[in-house]
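**Student:** To be precise about what I am sending: the file is called upload.cif and holds mmCIF, C-alpha atoms (C1' of nucleotides).
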data_protein
#
loop_
_atom_site.group_PDB
_atom_site.id
_atom_site.type_symbol
_atom_site.label_atom_id
_atom_site.label_comp_id
_atom_site.auth_asym_id
_atom_site.auth_seq_id
_atom_site.Cartn_x
_atom_site.Cartn_y
_atom_site.Cartn_z
ATOM 1 C CA MET A 1 0.000 0.000 0.000
ATOM 2 C CA LYS A 2 1.421 3.344 -0.903
ATOM 3 C CA ASP A 3 2.257 5.936 1.706
ATOM 4 C CA GLN A 4 -0.891 7.763 2.657
ATOM 5 C CA SER A 5 0.504 10.178 5.181
ATOM 6 C CA ASN A 6 -1.044 12.974 3.189
ATOM 7 C CA ALA A 7 -4.386 11.290 2.913
ATOM 8 C CA ILE A 8 -7.329 12.707 4.760
ATOM 9 C CA CYS A 9 -8.499 9.662 6.609
ATOM 10 C CA LEU A 10 -6.788 6.422 7.459
ATOM 11 C CA CYS A 11 -8.181 3.442 9.226
ATOM 12 C CA PRO A 12 -6.365 1.790 12.129
ATOM 13 C CA LEU A 13 -6.068 -1.362 10.113
ATOM 14 C CA ASP A 14 -4.053 0.357 7.424
ATOM 15 C CA GLY A 15 -0.742 -0.283 9.071
ATOM 16 C CA ILE A 16 -1.182 -4.036 9.207
ATOM 17 C CA ILE A 17 -2.388 -4.512 5.709
ATOM 18 C CA ASP A 18 0.996 -4.569 4.104
ATOM 19 C CA THR A 19 2.148 -7.465 6.210
ATOM 20 C CA ILE A 20 -0.965 -9.222 7.433
ATOM 21 C CA GLY A 21 -3.217 -8.489 4.531
ATOM 22 C CA LYS A 22 -1.016 -10.360 2.156
ATOM 23 C CA LYS A 23 -1.671 -13.763 0.856
ATOM 24 C CA TRP A 24 0.727 -15.623 3.124
ATOM 25 C CA GLY A 25 1.110 -13.217 6.026
ATOM 26 C CA LEU A 26 -1.183 -14.862 8.531
ATOM 27 C CA LEU A 27 -0.087 -18.339 7.520
ATOM 28 C CA ILE A 28 3.569 -17.615 8.131
ATOM 29 C CA ILE A 29 3.063 -15.986 11.507
ATOM 30 C CA ASN A 30 0.811 -18.805 12.587
ATOM 31 C CA GLU A 31 3.145 -21.478 11.317
ATOM 32 C CA ILE A 32 6.162 -20.114 13.125
ATOM 33 C CA GLY A 33 4.037 -19.651 16.198
ATOM 34 C CA ASN A 34 2.914 -23.256 16.025
ATOM 35 C CA HIS A 35 6.427 -24.596 15.981
ATOM 36 C CA GLY A 36 8.386 -22.138 18.035
ATOM 37 C CA LYS A 37 11.342 -22.246 15.717
ATOM 38 C CA LEU A 38 11.375 -23.095 12.048
ATOM 39 C CA ARG A 39 13.991 -23.249 9.346
ATOM 40 C CA TYR A 40 13.477 -21.853 5.894
ATOM 41 C CA ASN A 41 12.945 -25.192 4.219
ATOM 42 C CA GLU A 42 10.667 -26.383 6.975
ATOM 43 C CA LEU A 43 8.513 -23.341 6.371
ATOM 44 C CA MET A 44 8.576 -24.089 2.675
ATOM 45 C CA SER A 45 7.133 -27.545 3.178
ATOM 46 C CA GLU A 46 4.657 -26.574 5.911
ATOM 47 C CA LEU A 47 3.265 -23.772 3.773
ATOM 48 C CA ALA A 48 2.713 -26.044 0.811
ATOM 49 C CA GLY A 49 2.357 -23.876 -2.242
ATOM 50 C CA ILE A 50 4.376 -20.790 -1.365
ATOM 51 C CA SER A 51 7.212 -19.890 -3.687
ATOM 52 C CA PRO A 52 10.732 -19.470 -2.321
ATOM 53 C CA SER A 53 10.952 -15.871 -3.442
ATOM 54 C CA THR A 54 7.671 -14.962 -1.786
ATOM 55 C CA LEU A 55 8.664 -16.642 1.453
ATOM 56 C CA ALA A 56 12.046 -14.947 1.468
ATOM 57 C CA SER A 57 10.531 -11.550 0.883
ATOM 58 C CA MET A 58 7.852 -12.020 3.534
ATOM 59 C CA LEU A 59 10.455 -13.123 6.068
ATOM 60 C CA LYS A 60 12.469 -10.002 5.348
ATOM 61 C CA ASP A 61 9.380 -7.840 5.792
ATOM 62 C CA PHE A 62 8.528 -9.497 9.074
ATOM 63 C CA GLU A 63 12.084 -9.138 10.277
ATOM 64 C CA ARG A 64 12.109 -5.456 9.389
ATOM 65 C CA GLU A 65 8.851 -5.022 11.277
ATOM 66 C CA LYS A 66 10.335 -6.898 14.200
ATOM 67 C CA LEU A 67 7.641 -9.523 14.186
ATOM 68 C CA ILE A 68 10.108 -12.361 13.842
ATOM 69 C CA GLU A 69 13.705 -13.033 14.766
ATOM 70 C CA LYS A 70 16.308 -14.686 12.637
ATOM 71 C CA GLU A 71 19.161 -16.738 13.986
ATOM 72 C CA VAL A 72 21.951 -17.732 11.654
ATOM 73 C CA PHE A 73 24.272 -20.607 12.539
ATOM 74 C CA LYS A 74 27.630 -20.568 10.887
ATOM 75 C CA GLN A 75 27.566 -23.998 9.396
ATOM 76 C CA ILE A 76 27.814 -25.614 6.066
ATOM 77 C CA PRO A 77 25.251 -26.405 4.839
ATOM 78 C CA PRO A 78 23.714 -23.284 6.368
ATOM 79 C CA ARG A 79 21.200 -23.298 9.144
ATOM 80 C CA VAL A 80 18.803 -20.466 9.842
ATOM 81 C CA GLU A 81 16.045 -20.478 12.399
ATOM 82 C CA TYR A 82 13.075 -18.154 12.554
ATOM 83 C CA SER A 83 10.997 -17.515 15.631
ATOM 84 C CA LEU A 84 8.387 -14.984 16.732
ATOM 85 C CA SER A 85 9.454 -11.906 18.640
ATOM 86 C CA THR A 86 7.394 -10.739 21.596
ATOM 87 C CA ARG A 87 5.499 -8.471 19.288
ATOM 88 C CA GLY A 88 5.021 -11.318 16.861
ATOM 89 C CA ARG A 89 3.680 -13.523 19.618
ATOM 90 C CA GLU A 90 1.178 -10.842 20.543
ATOM 91 C CA LEU A 91 0.118 -10.643 16.951
ATOM 92 C CA ARG A 92 -0.324 -14.374 16.820
ATOM 93 C CA GLU A 93 -2.505 -14.245 19.907
ATOM 94 C CA ALA A 94 -4.619 -11.659 18.135
ATOM 95 C CA ILE A 95 -4.938 -13.904 15.112
ATOM 96 C CA ILE A 96 -6.161 -16.935 17.001
ATOM 97 C CA PRO A 97 -9.880 -16.009 16.918
ATOM 98 C CA LEU A 98 -9.566 -15.635 13.189
ATOM 99 C CA ILE A 99 -8.033 -19.071 12.898
ATOM 100 C CA LYS A 100 -10.759 -20.493 15.081
ATOM 101 C CA TRP A 101 -13.414 -18.852 12.964
ATOM 102 C CA ALA A 102 -11.821 -20.282 9.854
ATOM 103 C CA THR A 103 -11.655 -23.775 11.281
ATOM 104 C CA LYS A 104 -15.263 -23.673 12.418
ATOM 105 C CA LYS A 105 -17.513 -26.175 10.779
ATOM 106 C CA GLY A 106 -19.401 -24.712 7.896
ATOM 107 C CA ASN A 107 -16.786 -22.178 7.103
ATOM 108 C CA TYR A 108 -13.796 -23.897 5.635
ATOM 109 C CA THR A 109 -12.570 -27.424 5.550
ATOM 110 C CA VAL A 110 -9.459 -28.560 7.326
ATOM 111 C CA HIS A 111 -7.439 -30.932 5.226
ATOM 112 C CA CYS A 112 -4.494 -31.654 7.443
ATOM 113 C CA SER A 113 -3.247 -32.018 10.941
ATOM 114 C CA CYS A 114 -1.442 -28.723 10.952
ATOM 115 C CA THR A 115 -3.826 -26.961 13.301
ATOM 116 C CA LEU A 116 -3.912 -24.453 16.062
ATOM 117 C CA VAL A 117 -1.418 -25.027 18.808
ATOM 118 C CA LYS A 118 -1.505 -22.771 21.771
ATOM 119 C CA LYS A 119 1.572 -22.853 23.903
ATOM 120 C CA MET B 1 -4.629 -19.167 -4.164
ATOM 121 C CA LYS B 2 -4.909 -22.005 -6.585
ATOM 122 C CA ASP B 3 -6.975 -25.042 -5.832
ATOM 123 C CA GLN B 4 -4.986 -27.334 -3.624
ATOM 124 C CA SER B 5 -7.497 -30.101 -3.165
ATOM 125 C CA ASN B 6 -4.829 -32.500 -4.364
ATOM 126 C CA ALA B 7 -2.134 -31.103 -2.158
ATOM 127 C CA ILE B 8 -0.834 -33.168 0.675
ATOM 128 C CA CYS B 9 -1.234 -30.758 3.523
ATOM 129 C CA LEU B 10 -3.389 -27.699 3.921
ATOM 130 C CA CYS B 11 -3.604 -25.328 6.805
ATOM 131 C CA PRO B 12 -6.958 -24.300 8.242
ATOM 132 C CA LEU B 13 -6.246 -20.729 7.302
ATOM 133 C CA ASP B 14 -6.014 -21.594 3.643
ATOM 134 C CA GLY B 15 -9.664 -21.078 2.924
ATOM 135 C CA ILE B 16 -9.743 -17.509 4.139
ATOM 136 C CA ILE B 17 -6.672 -16.346 2.398
ATOM 137 C CA ASP B 18 -8.276 -15.588 -0.907
ATOM 138 C CA THR B 19 -10.731 -13.151 0.593
ATOM 139 C CA ILE B 20 -9.196 -12.001 3.825
ATOM 140 C CA GLY B 21 -5.605 -12.130 2.788
ATOM 141 C CA LYS B 22 -6.086 -9.584 0.080
ATOM 142 C CA LYS B 23 -5.032 -6.024 0.309
ATOM 143 C CA TRP B 24 -8.437 -4.603 1.194
ATOM 144 C CA GLY B 25 -10.216 -7.615 2.624
ATOM 145 C CA LEU B 26 -10.036 -6.856 6.320
ATOM 146 C CA LEU B 27 -10.589 -3.161 5.763
ATOM 147 C CA ILE B 28 -13.827 -3.686 3.893
ATOM 148 C CA ILE B 29 -15.298 -6.143 6.378
ATOM 149 C CA ASN B 30 -14.358 -3.886 9.254
ATOM 150 C CA GLU B 31 -15.682 -0.787 7.559
ATOM 151 C CA ILE B 32 -19.077 -2.268 6.804
ATOM 152 C CA GLY B 33 -19.175 -3.673 10.319
ATOM 153 C CA ASN B 34 -18.433 -0.252 11.747
ATOM 154 C CA HIS B 35 -21.340 1.368 9.981
ATOM 155 C CA GLY B 36 -23.934 -1.363 9.803
ATOM 156 C CA LYS B 37 -24.932 -0.407 6.314
ATOM 157 C CA LEU B 38 -22.852 1.322 3.693
ATOM 158 C CA ARG B 39 -23.388 2.378 0.113
ATOM 159 C CA TYR B 40 -20.833 1.835 -2.599
ATOM 160 C CA ASN B 41 -19.686 5.444 -2.741
ATOM 161 C CA GLU B 42 -19.543 5.687 1.020
ATOM 162 C CA LEU B 43 -17.212 2.721 1.049
ATOM 163 C CA MET B 44 -15.158 4.376 -1.655
ATOM 164 C CA SER B 45 -14.541 7.423 0.456
ATOM 165 C CA GLU B 46 -14.068 5.584 3.753
ATOM 166 C CA LEU B 47 -11.491 3.290 2.195
ATOM 167 C CA ALA B 48 -9.437 6.144 0.831
ATOM 168 C CA GLY B 49 -7.208 4.777 -1.885
ATOM 169 C CA ILE B 50 -9.111 1.792 -3.175
ATOM 170 C CA SER B 51 -9.983 1.759 -6.844
ATOM 171 C CA PRO B 52 -13.617 1.375 -7.936
ATOM 172 C CA SER B 53 -12.919 -1.809 -9.850
ATOM 173 C CA THR B 54 -11.144 -3.427 -6.923
ATOM 174 C CA LEU B 55 -13.942 -2.498 -4.538
ATOM 175 C CA ALA B 56 -16.571 -3.833 -6.915
ATOM 176 C CA SER B 57 -14.735 -7.107 -7.349
ATOM 177 C CA MET B 58 -14.154 -7.533 -3.615
ATOM 178 C CA LEU B 59 -17.814 -6.890 -2.893
ATOM 179 C CA LYS B 60 -18.767 -9.540 -5.405
ATOM 180 C CA ASP B 61 -16.359 -11.990 -3.810
ATOM 181 C CA PHE B 62 -17.730 -11.301 -0.350
ATOM 182 C CA GLU B 63 -21.280 -11.645 -1.598
ATOM 183 C CA ARG B 64 -20.492 -14.947 -3.237
ATOM 184 C CA GLU B 65 -18.935 -16.117 0.010
ATOM 185 C CA LYS B 66 -22.012 -14.902 1.860
ATOM 186 C CA LEU B 67 -20.047 -12.626 4.113
ATOM 187 C CA ILE B 68 -22.042 -9.579 3.105
ATOM 188 C CA GLU B 69 -25.546 -8.844 1.867
ATOM 189 C CA LYS B 70 -26.535 -6.468 -0.873
ATOM 190 C CA GLU B 71 -29.794 -4.589 -0.952
ATOM 191 C CA VAL B 72 -30.772 -2.789 -4.140
ATOM 192 C CA PHE B 73 -33.402 -0.039 -4.043
ATOM 193 C CA LYS B 74 -35.179 0.638 -7.298
ATOM 194 C CA GLN B 75 -34.489 4.328 -7.547
ATOM 195 C CA ILE B 76 -32.816 6.727 -9.861
ATOM 196 C CA PRO B 77 -30.110 7.562 -9.111
ATOM 197 C CA PRO B 78 -29.572 4.028 -7.852
ATOM 198 C CA ARG B 79 -29.125 3.117 -4.248
ATOM 199 C CA VAL B 80 -27.371 0.008 -3.022
ATOM 200 C CA GLU B 81 -26.636 -0.867 0.568
ATOM 201 C CA TYR B 82 -24.141 -3.404 1.827
ATOM 202 C CA SER B 83 -24.226 -4.987 5.253
ATOM 203 C CA LEU B 84 -22.604 -7.924 6.981
ATOM 204 C CA SER B 85 -24.334 -11.282 7.029
ATOM 205 C CA THR B 86 -24.364 -13.326 10.213
ATOM 206 C CA ARG B 87 -21.274 -15.103 9.016
ATOM 207 C CA GLY B 88 -19.687 -11.781 8.156
ATOM 208 C CA ARG B 89 -20.451 -10.460 11.609
ATOM 209 C CA GLU B 90 -18.796 -13.505 13.148
ATOM 210 C CA LEU B 91 -15.771 -12.900 11.018
ATOM 211 C CA ARG B 92 -15.651 -9.301 12.114
ATOM 212 C CA GLU B 93 -15.820 -10.371 15.730
ATOM 213 C CA ALA B 94 -12.861 -12.614 15.051
ATOM 214 C CA ILE B 95 -10.960 -9.713 13.559
ATOM 215 C CA ILE B 96 -11.441 -7.361 16.479
ATOM 216 C CA PRO B 97 -8.416 -8.561 18.486
ATOM 217 C CA LEU B 98 -6.336 -7.976 15.416
ATOM 218 C CA ILE B 99 -7.653 -4.444 15.111
ATOM 219 C CA LYS B 100 -6.994 -3.860 18.767
ATOM 220 C CA TRP B 101 -3.460 -5.147 18.414
ATOM 221 C CA ALA B 102 -2.924 -2.875 15.447
ATOM 222 C CA THR B 103 -4.220 0.177 17.248
ATOM 223 C CA LYS B 104 -2.090 -0.508 20.279
ATOM 224 C CA LYS B 105 0.493 2.105 21.023
ATOM 225 C CA GLY B 106 3.849 1.181 19.603
ATOM 226 C CA ASN B 107 2.428 -0.888 16.834
ATOM 227 C CA TYR B 108 0.810 1.345 14.299
ATOM 228 C CA THR B 109 -0.394 4.899 14.321
ATOM 229 C CA VAL B 110 -4.014 5.860 14.032
ATOM 230 C CA HIS B 111 -4.507 8.841 11.781
ATOM 231 C CA CYS B 112 -8.222 9.319 11.862
ATOM 232 C CA SER B 113 -11.370 8.996 13.876
ATOM 233 C CA CYS B 114 -12.556 5.939 12.013
ATOM 234 C CA THR B 115 -11.942 3.467 14.809
ATOM 235 C CA LEU B 116 -13.354 0.349 16.292
ATOM 236 C CA VAL B 117 -17.060 0.384 16.917
ATOM 237 C CA LYS B 118 -18.597 -2.576 18.606
ATOM 238 C CA LYS B 119 -22.309 -2.933 18.212
ATOM 239 C "C1'" DT C 1 -30.787 21.281 -23.036
ATOM 240 C "C1'" DT C 2 -27.597 20.447 -19.811
ATOM 241 C "C1'" DA C 3 -26.040 19.028 -15.388
ATOM 242 C "C1'" DA C 4 -26.252 16.074 -11.317
ATOM 243 C "C1'" DA C 5 -26.481 11.858 -9.001
ATOM 244 C "C1'" DT C 6 -25.128 6.792 -8.112
ATOM 245 C "C1'" DA C 7 -23.192 2.329 -8.889
ATOM 246 C "C1'" DC C 8 -20.789 0.454 -11.142
ATOM 247 C "C1'" DT C 9 -17.750 -1.408 -15.917
ATOM 248 C "C1'" DT C 10 -14.012 -1.036 -19.165
ATOM 249 C "C1'" DT C 11 -9.326 -0.431 -20.469
ATOM 250 C "C1'" DG C 12 -4.543 -0.545 -20.335
ATOM 251 C "C1'" DA C 13 -0.808 0.236 -17.345
ATOM 252 C "C1'" DA C 14 1.653 -0.370 -12.874
ATOM 253 C "C1'" DT C 15 2.602 -3.227 -9.123
ATOM 254 C "C1'" DT C 16 2.814 -7.813 -6.724
ATOM 255 C "C1'" DT C 17 3.223 -12.576 -6.541
ATOM 256 C "C1'" DT C 18 4.547 -16.778 -8.703
ATOM 257 C "C1'" DG C 19 7.368 -20.688 -10.702
ATOM 258 C "C1'" DT C 20 11.588 -22.391 -12.325
ATOM 259 C "C1'" DA C 21 16.160 -22.478 -12.229
ATOM 260 C "C1'" DG C 22 20.450 -21.307 -10.335
ATOM 261 C "C1'" DT C 23 24.239 -19.971 -6.592
ATOM 262 C "C1'" DA C 24 27.567 -20.647 -2.667
ATOM 263 C "C1'" DG C 25 30.641 -23.581 -0.039
ATOM 264 C "C1'" DA C 26 32.030 -27.422 2.717
ATOM 265 C "C1'" DA C 27 31.653 -32.327 3.132
ATOM 266 C "C1'" DC C 28 30.637 -36.797 1.723
ATOM 267 C "C1'" DT C 29 30.907 -40.487 -2.233
ATOM 268 C "C1'" DA C 30 32.720 -43.030 -6.064
ATOM 269 C "C1'" DT D 1 39.910 -36.063 -8.231
ATOM 270 C "C1'" DA D 2 35.406 -35.177 -9.796
ATOM 271 C "C1'" DG D 3 30.831 -35.317 -8.790
ATOM 272 C "C1'" DT D 4 26.820 -35.143 -5.573
ATOM 273 C "C1'" DT D 5 24.434 -33.425 -1.489
ATOM 274 C "C1'" DC D 6 22.812 -30.088 1.603
ATOM 275 C "C1'" DT D 7 20.527 -25.486 2.815
ATOM 276 C "C1'" DA D 8 19.052 -20.866 2.298
ATOM 277 C "C1'" DC D 9 18.285 -18.258 -0.389
ATOM 278 C "C1'" DT D 10 18.524 -14.953 -5.316
ATOM 279 C "C1'" DA D 11 17.433 -13.917 -10.377
ATOM 280 C "C1'" DC D 12 14.337 -13.395 -13.761
ATOM 281 C "C1'" DA D 13 10.481 -13.687 -16.648
ATOM 282 C "C1'" DA D 14 5.594 -14.794 -16.510
ATOM 283 C "C1'" DA D 15 1.119 -14.627 -14.315
ATOM 284 C "C1'" DA D 16 -2.101 -12.436 -11.288
ATOM 285 C "C1'" DT D 17 -3.754 -8.408 -8.826
ATOM 286 C "C1'" DT D 18 -4.550 -3.601 -8.371
ATOM 287 C "C1'" DC D 19 -4.400 0.852 -10.153
ATOM 288 C "C1'" DA D 20 -6.287 5.398 -12.322
ATOM 289 C "C1'" DA D 21 -9.079 7.496 -15.538
ATOM 290 C "C1'" DA D 22 -12.821 7.578 -18.322
ATOM 291 C "C1'" DG D 23 -17.265 5.871 -19.677
ATOM 292 C "C1'" DT D 24 -22.317 3.816 -19.069
ATOM 293 C "C1'" DA D 25 -27.199 3.938 -17.747
ATOM 294 C "C1'" DT D 26 -31.273 6.382 -16.126
ATOM 295 C "C1'" DT D 27 -34.214 9.903 -14.239
ATOM 296 C "C1'" DT D 28 -34.983 14.283 -12.043
ATOM 297 C "C1'" DA D 29 -33.778 19.215 -11.423
ATOM 298 C "C1'" DA D 30 -32.421 23.715 -13.384
#
Would you write out, as structure tokens, the structure that this file holds?

**Tutor:**
Amino acid sequence: MKDQSNAICLCPLDGIIDTIGKKWGLLIINEIGNHGKLRYNELMSELAGISPSTLASMLKDFEREKLIEKEVFKQIPPRVEYSLSTRGRELREAIIPLIKWATKKGNYTVHCSCTLVKK
Amino acid sequence: MKDQSNAICLCPLDGIIDTIGKKWGLLIINEIGNHGKLRYNELMSELAGISPSTLASMLKDFEREKLIEKEVFKQIPPRVEYSLSTRGRELREAIIPLIKWATKKGNYTVHCSCTLVKK
DNA sequence: TTAAATACTTTGAATTTTGTAGTAGAACTA
DNA sequence: TAGTTCTACTACAAAATTCAAAGTATTTAA
């Protein structure tokens, strides 16, 4: 979303849209939250269907927004772990009702075992 | 998101992504929820920045998904009112924590008076 | 006769997201 | 020694989404 600082009226949701209101935003936050820590390739397979470039760019966005933290281990082959920051964990908490709504019977079908895990 | 009915694993959030995980999805649901009923042009000005074609297509999507209801009055000039369905209202309820998180100090700035209104 | 009002649609361009393939560098394998 | 494997990405062109601007339909008001 383009900068609207000159716009007349903005809605409180505006700020989230760029990160949350994207196709994979909620999924990624939730997925990391479910597992605590996740590596890039683990995310790739959990989020079946995302492209590597999209995932990489989302992770960078989230890191810049301080929603997730990235830990790089100096190994070969490389090892990188992503986890939620405090702020990210708060966001995930706020997303839970949405996930519950989505999983509710009559709304959408759950096809797998990758469900809501509250720590 | 493409049909993944043949995919191995889907996440419960998958189903919402196409509607909610779009740039204006949450904004529109929240906006209609805030006002009860809204006309097309009212939505256009509340959601400063959206293009008419995008709004029209989102409204059609939401109608098809039975998240909103459309009432057409036979008048000239025309008059059309959009409101949330029961399912839409449930969704909005589920979004409220997210809105609250977003409005929280330190997360994002609120620029206008168009805030959370709970019925 | 012209303008105003509303809810859109149409068009082509700009922006985002996607899929496929490729890169780096050490270690293991033949 | 040469080739393969492993992981976390990047590059790039193609596909999908969103954009702005202009146009459509219809009746009443000036």

**Student:** So that I can check the surroundings of stretch 4-21 of chain D, please list as a ChimeraX atom specification every protein, DNA and RNA residue that reaches within 7 Å of it, counting all atoms listed in the file and ignoring chain neighbours fewer than 5 positions away.

**Tutor:** /A:40,77-79 /B:51,54 /C:14,16,18

**Student:** Got a sec to pull out which chain A residues are within 12 Å of chain C, counting all atoms listed in the file, and send them as a PyMOL selection string?

**Tutor:** chain A and resi 1-2+18+22-24+49-55+57-58+74-78

**Student:** Report, in Å with one decimal, the straight-line distance from atom CA of A:Val80 to atom CA of A:His35.

**Tutor:**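 Distance reported for this atom pair: 14.4 Å.
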
**Student:** In Å, how far is it from atom CA of B:Asn30 to atom CA of B:Pro97?

**Tutor:**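 Taking atom CA of B:Asn30 as the start and atom CA of B:Pro97 as the end point, the length is 11.9 Å.
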
**Student:** What does the distance from atom CA of A:Ile32 to atom CA of B:Leu67 come to in Å, to one decimal?

**Tutor:** 28.7 Å

**Student:** Under the rule that all atoms listed in the file are counted, which of B:Ile68, B:Leu26, B:Ile17, B:Leu98 is the nearest residue to B:Leu38?

**Tutor:** B:Ile68

**Student:** Stretch 70-75 of chain A, all listed atoms, 8 Å padding on each side: what axis-aligned box centre and edge lengths in Å to one decimal come out, as JSON?

**Tutor:**
{"center_x": 22.0, "center_y": -19.3, "center_z": 11.7, "size_x": 27.3, "size_y": 25.3, "size_z": 20.6}
